[in-house]
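File shown here: structure-v1.json, holding JSON, C-alpha atoms.
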[["chain", "number", "residue", "atom", "x", "y", "z"],
["A", 1, "MET", "CA", 19.46, -9.32, -13.07],
["A", 2, "GLU", "CA", 19.72, -12.98, -14.12],
["A", 3, "ILE", "CA", 16.62, -14.64, -15.61],
["A", 4, "ASP", "CA", 16.64, -17.37, -12.94],
["A", 5, "LYS", "CA", 16.70, -14.76, -10.17],
["A", 6, "ILE", "CA", 13.82, -12.84, -11.73],
["A", 7, "ALA", "CA", 11.80, -16.06, -11.98],
["A", 8, "GLU", "CA", 12.57, -16.83, -8.34],
["A", 9, "LEU", "CA", 11.40, -13.39, -7.23],
["A", 10, "LYS", "CA", 8.26, -13.58, -9.38],
["A", 11, "SER", "CA", 7.32, -16.92, -7.83],
["A", 12, "PHE", "CA", 6.16, -15.11, -4.67],
["A", 13, "LEU", "CA", 3.45, -13.36, -6.72],
["A", 14, "LYS", "CA", 1.81, -16.72, -7.45],
["A", 15, "VAL", "CA", 0.39, -16.85, -3.91],
["A", 16, "LEU", "CA", -1.14, -13.36, -4.21],
["A", 17, "PRO", "CA", -4.17, -11.96, -6.01],
["A", 18, "PRO", "CA", -3.28, -10.29, -9.36],
["A", 19, "VAL", "CA", -1.28, -7.05, -9.05],
["A", 20, "GLY", "CA", -0.87, -4.11, -11.41],
["A", 21, "PHE", "CA", 2.71, -3.34, -10.46],
["A", 22, "CYS", "CA", 5.49, -4.98, -8.53],
["A", 23, "CYS", "CA", 9.14, -4.14, -7.96],
["A", 24, "VAL", "CA", 11.73, -5.51, -5.56],
["A", 25, "TYR", "CA", 14.69, -4.02, -3.77],
["A", 26, "GLY", "CA", 16.88, -4.70, -0.78],
["A", 27, "SER", "CA", 20.51, -5.17, 0.20],
["A", 28, "SER", "CA", 20.40, -8.90, -0.57],
["A", 29, "LEU", "CA", 20.04, -7.99, -4.26],
["A", 30, "HIS", "CA", 23.23, -5.93, -4.28],
["A", 31, "PRO", "CA", 26.05, -7.64, -6.20],
["A", 32, "ASN", "CA", 28.52, -7.07, -3.36],
["A", 33, "ASN", "CA", 26.21, -8.21, -0.59],
["A", 34, "LYS", "CA", 27.56, -11.10, 1.46],
["A", 35, "ASP", "CA", 24.62, -11.56, 3.84],
["A", 36, "LYS", "CA", 22.05, -13.53, 1.86],
["A", 37, "SER", "CA", 19.80, -13.86, 4.93],
["A", 38, "THR", "CA", 18.62, -10.26, 4.57],
["A", 39, "MET", "CA", 15.11, -9.74, 3.29],
["A", 40, "VAL", "CA", 13.90, -8.72, -0.14],
["A", 41, "ASP", "CA", 11.40, -5.85, -0.11],
["A", 42, "TYR", "CA", 8.43, -6.04, -2.47],
["A", 43, "ILE", "CA", 6.43, -2.96, -3.45],
["A", 44, "ILE", "CA", 3.06, -3.90, -4.88],
["A", 45, "GLY", "CA", 0.66, -1.55, -6.65],
["A", 46, "VAL", "CA", -3.03, -2.30, -7.21],
["A", 47, "SER", "CA", -5.93, -0.24, -8.56],
["A", 48, "ASP", "CA", -8.34, -1.13, -5.73],
["A", 49, "PRO", "CA", -6.46, -1.72, -2.42],
["A", 50, "LYS", "CA", -9.57, -2.57, -0.40],
["A", 51, "GLN", "CA", -10.71, -5.24, -2.86],
["A", 52, "TRP", "CA", -7.16, -6.60, -3.19],
["A", 53, "HIS", "CA", -6.70, -6.91, 0.58],
["A", 54, "SER", "CA", -10.10, -8.59, 0.86],
["A", 55, "GLU", "CA", -9.02, -11.23, -1.67],
["A", 56, "ASN", "CA", -5.58, -11.62, -0.12],
["A", 57, "MET", "CA", -7.06, -12.16, 3.35],
["A", 58, "GLU", "CA", -8.89, -15.18, 1.95],
["A", 59, "LEU", "CA", -5.61, -16.56, 0.57],
["A", 60, "ASN", "CA", -3.05, -15.32, 3.10],
["A", 61, "GLU", "CA", -4.57, -14.22, 6.39],
["A", 62, "ASP", "CA", -1.13, -14.52, 8.02],
["A", 63, "HIS", "CA", 0.05, -11.53, 5.97],
["A", 64, "TYR", "CA", -1.80, -9.27, 8.38],
["A", 65, "ALA", "CA", -1.66, -8.41, 12.05],
["A", 66, "SER", "CA", -3.97, -10.74, 13.95],
["A", 67, "TRP", "CA", -6.01, -7.91, 15.46],
["A", 68, "MET", "CA", -6.82, -6.24, 12.12],
["A", 69, "VAL", "CA", -8.60, -9.13, 10.46],
["A", 70, "PRO", "CA", -11.47, -9.64, 12.93],
["A", 71, "LEU", "CA", -11.85, -5.96, 13.86],
["A", 72, "GLY", "CA", -12.25, -4.43, 10.43],
["A", 73, "GLY", "CA", -10.73, -6.59, 7.74],
["A", 74, "ALA", "CA", -9.83, -5.03, 4.42],
["A", 75, "LYS", "CA", -11.58, -1.74, 5.23],
["A", 76, "LEU", "CA", -9.56, -1.22, 8.42],
["A", 77, "ILE", "CA", -6.32, -2.26, 6.72],
["A", 78, "THR", "CA", -6.86, 0.31, 3.97],
["A", 79, "GLN", "CA", -7.89, 3.05, 6.43],
["A", 80, "VAL", "CA", -4.78, 2.55, 8.58],
["A", 81, "ALA", "CA", -2.61, 2.82, 5.46],
["A", 82, "ASP", "CA", -4.39, 5.91, 4.12],
["A", 83, "LYS", "CA", -5.32, 7.87, 7.24],
["A", 84, "ILE", "CA", -2.35, 7.14, 9.51],
["A", 85, "GLY", "CA", 0.34, 6.12, 7.02],
["A", 86, "VAL", "CA", 1.10, 7.48, 3.57],
["A", 87, "GLY", "CA", -1.09, 5.13, 1.55],
["A", 88, "VAL", "CA", 1.12, 2.06, 1.99],
["A", 89, "HIS", "CA", 0.29, -1.12, 3.90],
["A", 90, "PHE", "CA", 3.47, -2.53, 5.43],
["A", 91, "ASN", "CA", 4.37, -5.93, 6.84],
["A", 92, "PRO", "CA", 8.07, -6.77, 7.30],
["A", 93, "PHE", "CA", 7.78, -10.54, 7.62],
["A", 94, "VAL", "CA", 5.48, -11.63, 4.78],
["A", 95, "THR", "CA", 8.61, -12.92, 3.02],
["A", 96, "TRP", "CA", 12.14, -13.54, 4.26],
["A", 97, "ASN", "CA", 14.05, -14.72, 1.20],
["A", 98, "ASP", "CA", 16.98, -15.49, -0.57],
["A", 99, "LYS", "CA", 17.88, -0.41, -6.19],
["A", 100, "VAL", "CA", 14.59, -1.42, -7.58],
["A", 101, "HIS", "CA", 13.91, -4.20, -10.07],
["A", 102, "ILE", "CA", 10.49, -4.06, -11.76],
["A", 103, "LEU", "CA", 8.81, -7.45, -12.07],
["A", 104, "VAL", "CA", 5.33, -6.40, -13.21],
["A", 105, "ASP", "CA", 4.18, -3.06, -14.64],
["A", 106, "ASN", "CA", 0.63, -2.88, -15.96],
["A", 107, "LEU", "CA", 0.11, 0.64, -14.56],
["A", 108, "ASP", "CA", 2.81, 2.45, -16.59],
["A", 109, "ILE", "CA", 4.74, 3.18, -13.40],
["A", 110, "GLY", "CA", 7.93, 3.10, -15.45],
["A", 111, "ASP", "CA", 6.81, 6.21, -17.35],
["A", 112, "VAL", "CA", 5.96, 8.01, -14.12],
["A", 113, "ASN", "CA", 9.32, 7.00, -12.69],
["A", 114, "SER", "CA", 11.18, 8.91, -15.42],
["A", 115, "VAL", "CA", 9.69, 12.12, -14.02],
["A", 116, "ASN", "CA", 10.91, 11.14, -10.56],
["A", 117, "LEU", "CA", 14.42, 10.41, -11.86],
["A", 118, "ARG", "CA", 14.63, 13.82, -13.51],
["A", 119, "ALA", "CA", 13.44, 15.50, -10.30],
["A", 120, "ALA", "CA", 16.04, 13.58, -8.27],
["A", 121, "VAL", "CA", 18.86, 14.70, -10.60],
["A", 122, "SER", "CA", 17.69, 18.31, -10.38],
["A", 123, "ALA", "CA", 17.48, 18.25, -6.58],
["A", 124, "ALA", "CA", 20.91, 16.66, -6.26],
["A", 125, "LEU", "CA", 22.51, 19.16, -8.63],
["A", 126, "LEU", "CA", 21.09, 22.04, -6.58],
["A", 127, "LEU", "CA", 22.83, 20.65, -3.50],
["A", 128, "LEU", "CA", 26.19, 20.00, -5.18],
["A", 129, "PRO", "CA", 29.05, 22.45, -5.81],
["A", 130, "SER", "CA", 30.21, 23.54, -9.25],
["A", 131, "LYS", "CA", 32.53, 20.52, -9.61],
["A", 132, "PHE", "CA", 31.94, 16.96, -8.39],
["A", 133, "THR", "CA", 32.32, 13.31, -9.33],
["A", 134, "GLU", "CA", 29.71, 10.85, -10.57],
["A", 135, "GLU", "CA", 29.86, 9.10, -7.19],
["A", 136, "ASP", "CA", 29.13, 12.42, -5.47],
["A", 137, "LEU", "CA", 26.07, 12.87, -7.68],
["A", 138, "TYR", "CA", 24.67, 9.38, -7.14],
["A", 139, "SER", "CA", 25.34, 9.58, -3.40],
["A", 140, "LYS", "CA", 23.47, 12.87, -3.21],
["A", 141, "ILE", "CA", 20.57, 11.41, -5.20],
["A", 142, "CYS", "CA", 20.44, 8.36, -2.94],
["A", 143, "SER", "CA", 20.62, 10.46, 0.23],
["A", 144, "LEU", "CA", 17.47, 12.39, -0.74],
["A", 145, "SER", "CA", 15.36, 9.40, 0.32],
["A", 146, "TYR", "CA", 16.87, 9.44, 3.82],
["A", 147, "MET", "CA", 17.05, 13.20, 4.39],
["A", 148, "GLY", "CA", 15.01, 13.72, 7.55],
["A", 149, "ASP", "CA", 14.15, 10.01, 7.93],
["A", 150, "LEU", "CA", 13.85, 9.34, 11.65],
["A", 151, "ARG", "CA", 15.23, 5.83, 11.21],
["A", 152, "MET", "CA", 18.62, 7.26, 10.29],
["A", 153, "LEU", "CA", 18.99, 8.46, 13.89],
["A", 154, "PHE", "CA", 19.08, 4.96, 15.37],
["A", 155, "ALA", "CA", 17.86, 2.21, 13.05],
["A", 156, "GLU", "CA", 19.85, 2.44, 9.82],
["A", 157, "ASP", "CA", 23.40, 1.63, 8.82],
["A", 158, "LYS", "CA", 25.33, 4.92, 8.79],
["A", 159, "ASN", "CA", 27.13, 3.73, 5.64],
["A", 160, "LYS", "CA", 23.91, 2.76, 3.86],
["A", 161, "VAL", "CA", 24.08, 5.37, 1.09],
["A", 162, "LYS", "CA", 27.73, 4.60, 0.37],
["A", 163, "ARG", "CA", 27.05, 0.85, 0.23],
["A", 164, "ILE", "CA", 24.10, 1.31, -2.12],
["A", 165, "VAL", "CA", 26.02, 3.51, -4.54],
["A", 166, "GLU", "CA", 29.19, 1.41, -4.53],
["A", 167, "GLY", "CA", 27.21, -1.82, -4.93],
["A", 168, "GLN", "CA", 25.09, -0.56, -7.82],
["A", 169, "PHE", "CA", 27.26, 2.06, -9.49],
["A", 170, "GLY", "CA", 26.64, 0.66, -12.97],
["A", 171, "LEU", "CA", 22.89, 0.65, -12.40],
["A", 172, "PHE", "CA", 22.96, 4.29, -11.29],
["A", 173, "GLN", "CA", 24.89, 5.16, -14.46],
["A", 174, "SER", "CA", 22.36, 3.42, -16.71],
["A", 175, "MET", "CA", 19.38, 4.98, -14.91],
["A", 176, "TYR", "CA", 20.59, 8.57, -14.96],
["A", 177, "LYS", "CA", 22.68, 8.65, -18.16],
["A", 178, "PRO", "CA", 19.80, 9.96, -20.39],
["A", 179, "PHE", "CA", 19.22, 12.96, -18.11],
["A", 180, "LEU", "CA", 22.92, 13.75, -17.76],
["A", 181, "LYS", "CA", 23.36, 13.54, -21.54],
["A", 182, "GLU", "CA", 20.43, 15.91, -21.95],
["A", 183, "TYR", "CA", 21.97, 18.46, -19.59],
["A", 184, "GLU", "CA", 25.31, 18.03, -21.33],
["A", 185, "ALA", "CA", 23.73, 18.72, -24.73],
["A", 186, "LYS", "CA", 22.28, 21.93, -23.30],
["A", 187, "GLU", "CA", 25.77, 22.84, -22.06],
["A", 188, "LEU", "CA", 24.54, 22.86, -18.46],
["A", 189, "LEU", "CA", 26.95, 20.06, -17.51],
["A", 190, "THR", "CA", 30.48, 19.35, -18.68],
["A", 191, "PHE", "CA", 32.11, 15.93, -18.33],
["A", 192, "SER", "CA", 35.77, 15.02, -18.11],
["A", 193, "LEU", "CA", 37.08, 11.48, -17.79],
["A", 194, "PRO", "CA", 40.19, 11.12, -15.64],
["A", 195, "ASN", "CA", 42.01, 7.80, -15.28],
["A", 196, "SER", "CA", 39.10, 6.16, -13.48],
["A", 197, "HIS", "CA", 35.77, 4.47, -14.15],
["A", 198, "GLN", "CA", 33.76, 7.60, -13.39],
["A", 199, "ALA", "CA", 33.55, 11.12, -14.74],
["A", 200, "THR", "CA", 34.26, 14.43, -13.09],
["A", 201, "ILE", "CA", 31.37, 16.80, -13.72],
["A", 202, "SER", "CA", 31.24, 20.59, -13.82],
["A", 203, "GLN", "CA", 27.88, 22.37, -13.71],
["A", 204, "ASP", "CA", 26.60, 25.80, -14.60],
["A", 205, "CYS", "CA", 25.63, 27.47, -11.30],
["A", 206, "SER", "CA", 23.98, 30.53, -12.82],
["A", 207, "LEU", "CA", 20.51, 31.74, -11.80],
["A", 208, "SER", "CA", 19.08, 30.63, -15.15],
["A", 209, "MET", "CA", 20.35, 27.08, -14.51],
["A", 210, "THR", "CA", 18.95, 27.25, -10.98],
["A", 211, "HIS", "CA", 15.53, 28.23, -12.36],
["A", 212, "SER", "CA", 15.70, 25.28, -14.76],
["A", 213, "LEU", "CA", 16.51, 22.84, -11.94],
["A", 214, "VAL", "CA", 13.76, 24.19, -9.68],
["A", 215, "HIS", "CA", 11.28, 23.88, -12.55],
["A", 216, "SER", "CA", 12.05, 20.13, -12.70],
["A", 217, "LEU", "CA", 11.29, 19.57, -9.00],
["A", 218, "PRO", "CA", 7.98, 17.94, -7.95],
["A", 219, "PRO", "CA", 5.00, 20.37, -7.97],
["A", 220, "LEU", "CA", 4.51, 20.03, -4.20],
["A", 221, "VAL", "CA", 8.12, 21.04, -3.52],
["A", 222, "ARG", "CA", 7.89, 23.98, -5.94],
["A", 223, "ARG", "CA", 4.65, 25.15, -4.36],
["A", 224, "LYS", "CA", 6.14, 25.08, -0.88],
["A", 225, "MET", "CA", 9.26, 26.87, -2.11],
["A", 226, "GLY", "CA", 7.00, 29.52, -3.64],
["A", 227, "MET", "CA", 5.26, 30.01, -0.29],
["A", 228, "LYS", "CA", 8.64, 30.64, 1.36],
["A", 229, "LEU", "CA", 10.49, 32.55, -1.36],
["A", 230, "GLY", "CA", 7.60, 34.13, -3.25],
["A", 231, "GLU", "CA", 6.09, 33.51, -6.67],
["A", 232, "MET", "CA", 5.83, 35.47, -9.88],
["A", 233, "GLN", "CA", 3.48, 35.02, -12.82],
["A", 234, "VAL", "CA", 5.10, 34.36, -16.19],
["A", 235, "LEU", "CA", 3.15, 34.56, -19.46],
["A", 236, "LYS", "CA", 4.29, 31.96, -21.96],
["A", 237, "ASP", "CA", 4.06, 32.19, -25.76],
["A", 238, "SER", "CA", 1.18, 29.71, -25.64],
["A", 239, "GLY", "CA", -0.85, 32.16, -23.57],
["A", 240, "ARG", "CA", -0.58, 30.10, -20.40],
["A", 241, "VAL", "CA", 0.27, 31.85, -17.16],
["A", 242, "LEU", "CA", 2.73, 29.92, -15.02],
["A", 243, "HIS", "CA", 3.66, 30.51, -11.39],
["A", 244, "GLU", "CA", 7.42, 30.40, -10.92],
["A", 245, "VAL", "CA", 9.44, 30.53, -7.72],
["A", 246, "VAL", "CA", 11.26, 33.78, -7.08],
["A", 247, "ILE", "CA", 14.94, 32.89, -6.69],
["A", 248, "GLY", "CA", 17.34, 35.43, -5.26],
["A", 249, "SER", "CA", 20.35, 33.11, -5.24],
["A", 250, "ARG", "CA", 21.21, 29.48, -5.87],
["A", 251, "GLU", "CA", 22.17, 28.99, -2.20],
["A", 252, "GLU", "CA", 18.80, 30.32, -1.04],
["A", 253, "ALA", "CA", 16.93, 27.99, -3.39],
["A", 254, "ALA", "CA", 19.02, 24.99, -2.28],
["A", 255, "ARG", "CA", 18.44, 25.70, 1.43],
["A", 256, "SER", "CA", 14.72, 26.13, 0.92],
["A", 257, "MET", "CA", 14.40, 22.92, -1.08],
["A", 258, "GLN", "CA", 16.49, 20.97, 1.44],
["A", 259, "ARG", "CA", 14.34, 22.11, 4.37],
["A", 260, "ILE", "CA", 11.17, 21.15, 2.50],
["A", 261, "ILE", "CA", 12.48, 17.70, 1.54],
["A", 262, "ARG", "CA", 13.74, 17.04, 5.08],
["A", 263, "ARG", "CA", 10.40, 18.08, 6.59],
["A", 264, "THR", "CA", 8.42, 16.03, 4.06],
["A", 265, "VAL", "CA", 10.50, 12.88, 4.62],
["A", 266, "MET", "CA", 10.44, 13.33, 8.41],
["A", 267, "VAL", "CA", 6.65, 13.58, 8.57],
["A", 268, "SER", "CA", 6.14, 10.72, 6.10],
["A", 269, "SER", "CA", 8.60, 8.43, 7.89],
["A", 270, "ALA", "CA", 6.94, 9.12, 11.26],
["A", 271, "ARG", "CA", 3.45, 8.45, 9.90],
["A", 272, "GLN", "CA", 4.57, 5.30, 8.13],
["A", 273, "ALA", "CA", 6.37, 4.07, 11.25],
["A", 274, "VAL", "CA", 3.13, 4.29, 13.27],
["A", 275, "SER", "CA", 1.10, 2.75, 10.45],
["A", 276, "GLY", "CA", 3.66, -0.04, 10.02],
["A", 277, "PHE", "CA", 3.62, -0.82, 13.75],
["A", 278, "LEU", "CA", -0.18, -1.21, 13.65],
["A", 279, "ALA", "CA", -0.19, -3.17, 10.39],
["A", 280, "ALA", "CA", 2.58, -5.59, 11.32],
["A", 281, "GLY", "CA", 1.48, -6.10, 14.92],
["A", 282, "GLY", "CA", 3.51, -5.52, 18.07],
["A", 283, "ILE", "CA", 5.61, -8.69, 17.96],
["A", 284, "ASN", "CA", 6.59, -8.46, 14.29],
["A", 285, "ALA", "CA", 7.20, -4.71, 14.51],
["A", 286, "THR", "CA", 9.44, -5.13, 17.55],
["A", 287, "ARG", "CA", 11.33, -7.97, 15.89],
["A", 288, "TYR", "CA", 11.84, -5.91, 12.73],
["A", 289, "LEU", "CA", 13.00, -2.84, 14.67],
["A", 290, "ALA", "CA", 15.39, -4.92, 16.75],
["A", 291, "ASN", "CA", 16.99, -6.31, 13.60],
["A", 292, "LYS", "CA", 17.35, -2.80, 12.16],
["A", 293, "VAL", "CA", 18.85, -1.37, 15.35],
["A", 294, "ARG", "CA", 21.28, -4.29, 15.66],
["A", 295, "LYS", "CA", 22.45, -3.77, 12.09],
["A", 296, "ALA", "CA", 22.76, -0.02, 12.64],
["A", 297, "TRP", "CA", 24.73, -0.54, 15.86],
["A", 298, "LYS", "CA", 27.27, -2.69, 14.02],
["A", 299, "SER", "CA", 27.89, 0.13, 11.56],
["A", 300, "TRP", "CA", 28.56, 2.57, 14.38],
["A", 301, "THR", "CA", 30.96, 0.38, 16.36]]
Using C-alpha cells, write down the structure from this file.
Amino acid sequence: MEIDKIAELKSFLKVLPPVGFCCVYGSSLHPNNKDKSTMVDYIIGVSDPKQWHSENMELNEDHYASWMVPLGGAKLITQVADKIGVGVHFNPFVTWNDKVHILVDNLDIGDVNSVNLRAAVSAALLLLPSKFTEEDLYSKICSLSYMGDLRMLFAEDKNKVKRIVEGQFGLFQSMYKPFLKEYEAKELLTFSLPNSHQATISQDCSLSMTHSLVHSLPPLVRRKMGMKLGEMQVLKDSGRVLHEVVIGSREEAARSMQRIIRRTVMVSSARQAVSGFLAAGGINATRYLANKVRKAWKSWT
C-alpha cells in the first residue's frame, strides 16, 4: 500500500485513545475496486477494553448507540460485546471513508497471525482434491471465513470470495508463499507452472499427510474433531503425551472439520449480529443492513 494511503488511514487513529493494534480492510482498498464510496473497516485491539471505551466516550460519544452511554457506559458496552457477541464491539458508521493492512501492532498480533495462516492453509488443503490451482487454494482459504455465515444467505455479494481473490491475488501469494514452500520442501506439495501467472499444485492425500494437516488446525477444532472421531494418546520422544484425532480416512476428516467450522462460524455470526445491532443502535444497524442487502441483491440479479 502507498505511503500516502497508509498515512491517510492512520489519521483516523488521532481522534481515538491509544491502541495496541490496528488493521484495516474492505473492498475500497482492493486495487480493482471502482466504488470508492464503500467503507473501510478498522479492527482495533486494546489491552483493557472497558478503560479504552471509557476514554473514547469522553472523546467520541457519537461512536456509540445513544441508549448505551447513559444506561451503562463503558461497562455495558464491554458486557454486550463479551456476553452477547464474540468479544468485539461493532459500529458500522464510525467512519465512512475514502485483505488486511496492519497499521499498528504493539501486541505482536503479527506473530499470532502466522499460526492462523498456517491453520487456514491446512484446512483448505483438506477440502481440496489432489490437484488444483493457486486460485482454487486461495478461494478455499478465503471461503473459510464465510462458511456458515448467516449473512451469505441474504446480505453478501455472492461473488465476494472471487472478487477478493482476483483483486488481491499477489497479496495472497506473498502471505502464503512461506507455508507452501515449507510443504513443498517436505514433498507434501508439488508445483508446476503452466503458461499462466499461477501454479498448478498437486498434494499428497495420504493418511500421514492428513494427520499432519489436522495437527496444524486450531486446538478448538481438533478437540471437537476428537470428540466426533475419537482420540488416541501418543507418547513422544520428549516424554509428553499428546492427544491426536483418530482419522479413518481423509474424506471423513474433511467432512468433520467442515461441519465444525460451519457450526462455529454460524454461531459466531449470529451472536455478533445481535451484539452489533445493540451496539450500533436500531437506525444505524438497519441502514447498514439495507446497504448490505442492496449490494447482495445486485450480485444476484
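Considering only C-alpha atoms, the residue among A:Val245, A:Val88, A:Leu127, A:Leu189 positioned nearest to A:Arg271 is A:Val88.
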Rounded to one decimal in Å, what is the spacing between atom CA of A:Pro18 and atom CA of A:Ser145?
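Between atom CA of A:Pro18 and atom CA of A:Ser145 the gap is 28.8 Å.
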Edge lengths and centre in Å to one decimal, as JSON, is what I'm after for the box along x, y and z that holds all listed atoms of stretch 238-255 of chain A once 8 Å is added on each side.
{"center_x": 10.7, "center_y": 30.2, "center_z": -12.1, "size_x": 39.0, "size_y": 26.4, "size_z": 43.1}
Please compute the atom CA of A:Ala120-atom CA of A:Phe277 distance, one decimal, in Å.
29.1 Å
Of the candidates A:Pro178, A:Tyr146, A:Met68, A:Ser206, which shows the shortest atom-to-atom distance to A:Lys158, using only C-alpha atoms?
A:Tyr146
Which one of A:Ser269, A:Ser47, A:Gln173, A:Ser212 sits closest to A:Gln198 if you count all atoms listed in the file?
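Selected residue with least distance to A:Gln198: A:Gln173.
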Return the single residue from A:Met57, A:Leu128, A:Ala185, A:Ser275 that is closest to A:Gly87, with distances computed using all atoms listed in the file.
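Going through A:Met57, A:Leu128, A:Ala185, A:Ser275 one by one, the smallest distance to A:Gly87 is for A:Ser275.
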Using only C-alpha atoms, which residues sit within 7 Å of A:Ile201 once same-chain residues fewer than 4 positions away are excluded, as a ChimeraX atom specification?
/A:131-134,189-192
Rounded to one decimal, what separation in Å do you get between atom CA of A:Ile102 and atom CA of A:Ile164?
17.5 Å
Selected residue, from A:Val69, A:Val46, A:Leu117, A:Val15, that lies nearest to A:Leu278 when counting only C-alpha atoms:
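When distances to A:Leu278 are compared using only C-alpha atoms, the smallest one comes from A:Val69.
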Report as a ChimeraX atom specification all protein, DNA and RNA residues lying within 10 Å of A:Thr210, evaluated on all atoms listed in the file, omitting residues in the same chain fewer than 5 positions from it.
/A:122,125-126,204-205,215,247,249-251,253-254
Just C-alpha atoms for this one: save the residues we selected as a JSON list (two decimals), in the frame of the given file.
[["chain", "number", "residue", "atom", "x", "y", "z"],
["A", 122, "SER", "CA", 17.69, 18.31, -10.38],
["A", 125, "LEU", "CA", 22.51, 19.16, -8.63],
["A", 126, "LEU", "CA", 21.09, 22.04, -6.58],
["A", 204, "ASP", "CA", 26.60, 25.80, -14.60],
["A", 205, "CYS", "CA", 25.63, 27.47, -11.30],
["A", 215, "HIS", "CA", 11.28, 23.88, -12.55],
["A", 247, "ILE", "CA", 14.94, 32.89, -6.69],
["A", 249, "SER", "CA", 20.35, 33.11, -5.24],
["A", 250, "ARG", "CA", 21.21, 29.48, -5.87],
["A", 251, "GLU", "CA", 22.17, 28.99, -2.20],
["A", 253, "ALA", "CA", 16.93, 27.99, -3.39],
["A", 254, "ALA", "CA", 19.02, 24.99, -2.28]]
Contacts of A:Val165 within 8 Å, only C-alpha atoms, excl. fewer than 2 positions in-chain, as JSON, numbers by chain
{"A": [135, 138, 139, 142, 161, 162, 163, 167, 168, 169, 172]}
Would you mind listing what lies within 10 Å of A:Arg222 as an MDAnalysis selection string, with all atoms listed in the file counted and same-chain residues fewer than 2 positions away left out?
chainID A and resid 214:220 224:228 231 243:245 256:257 260
Restricting the calculation to all atoms listed in the file, which member of A:Gly170, A:Asn60, A:Ser130, A:Gly230 is positioned closest to A:Leu188?
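Among the listed residues, the smallest separation from A:Leu188 belongs to A:Ser130.
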Please provide as a list in words all residues within 12 Å of A:Lys186, with the sequence filter that same-chain residues fewer than 5 positions apart are discarded (counting only C-alpha atoms).
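Using only C-alpha atoms, the neighbours found are Phe179, Leu180, Lys181, Gln203, Asp204, Met209 and Ser212 of chain A.
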Just write the chosen residues, C-alpha atoms, as a CSV table (one decimal), keeping the file's coordinate frame.
chain,number,residue,atom,x,y,z
A,179,PHE,CA,19.2,13.0,-18.1
A,180,LEU,CA,22.9,13.8,-17.8
A,181,LYS,CA,23.4,13.5,-21.5
A,203,GLN,CA,27.9,22.4,-13.7
A,204,ASP,CA,26.6,25.8,-14.6
A,209,MET,CA,20.4,27.1,-14.5
A,212,SER,CA,15.7,25.3,-14.8
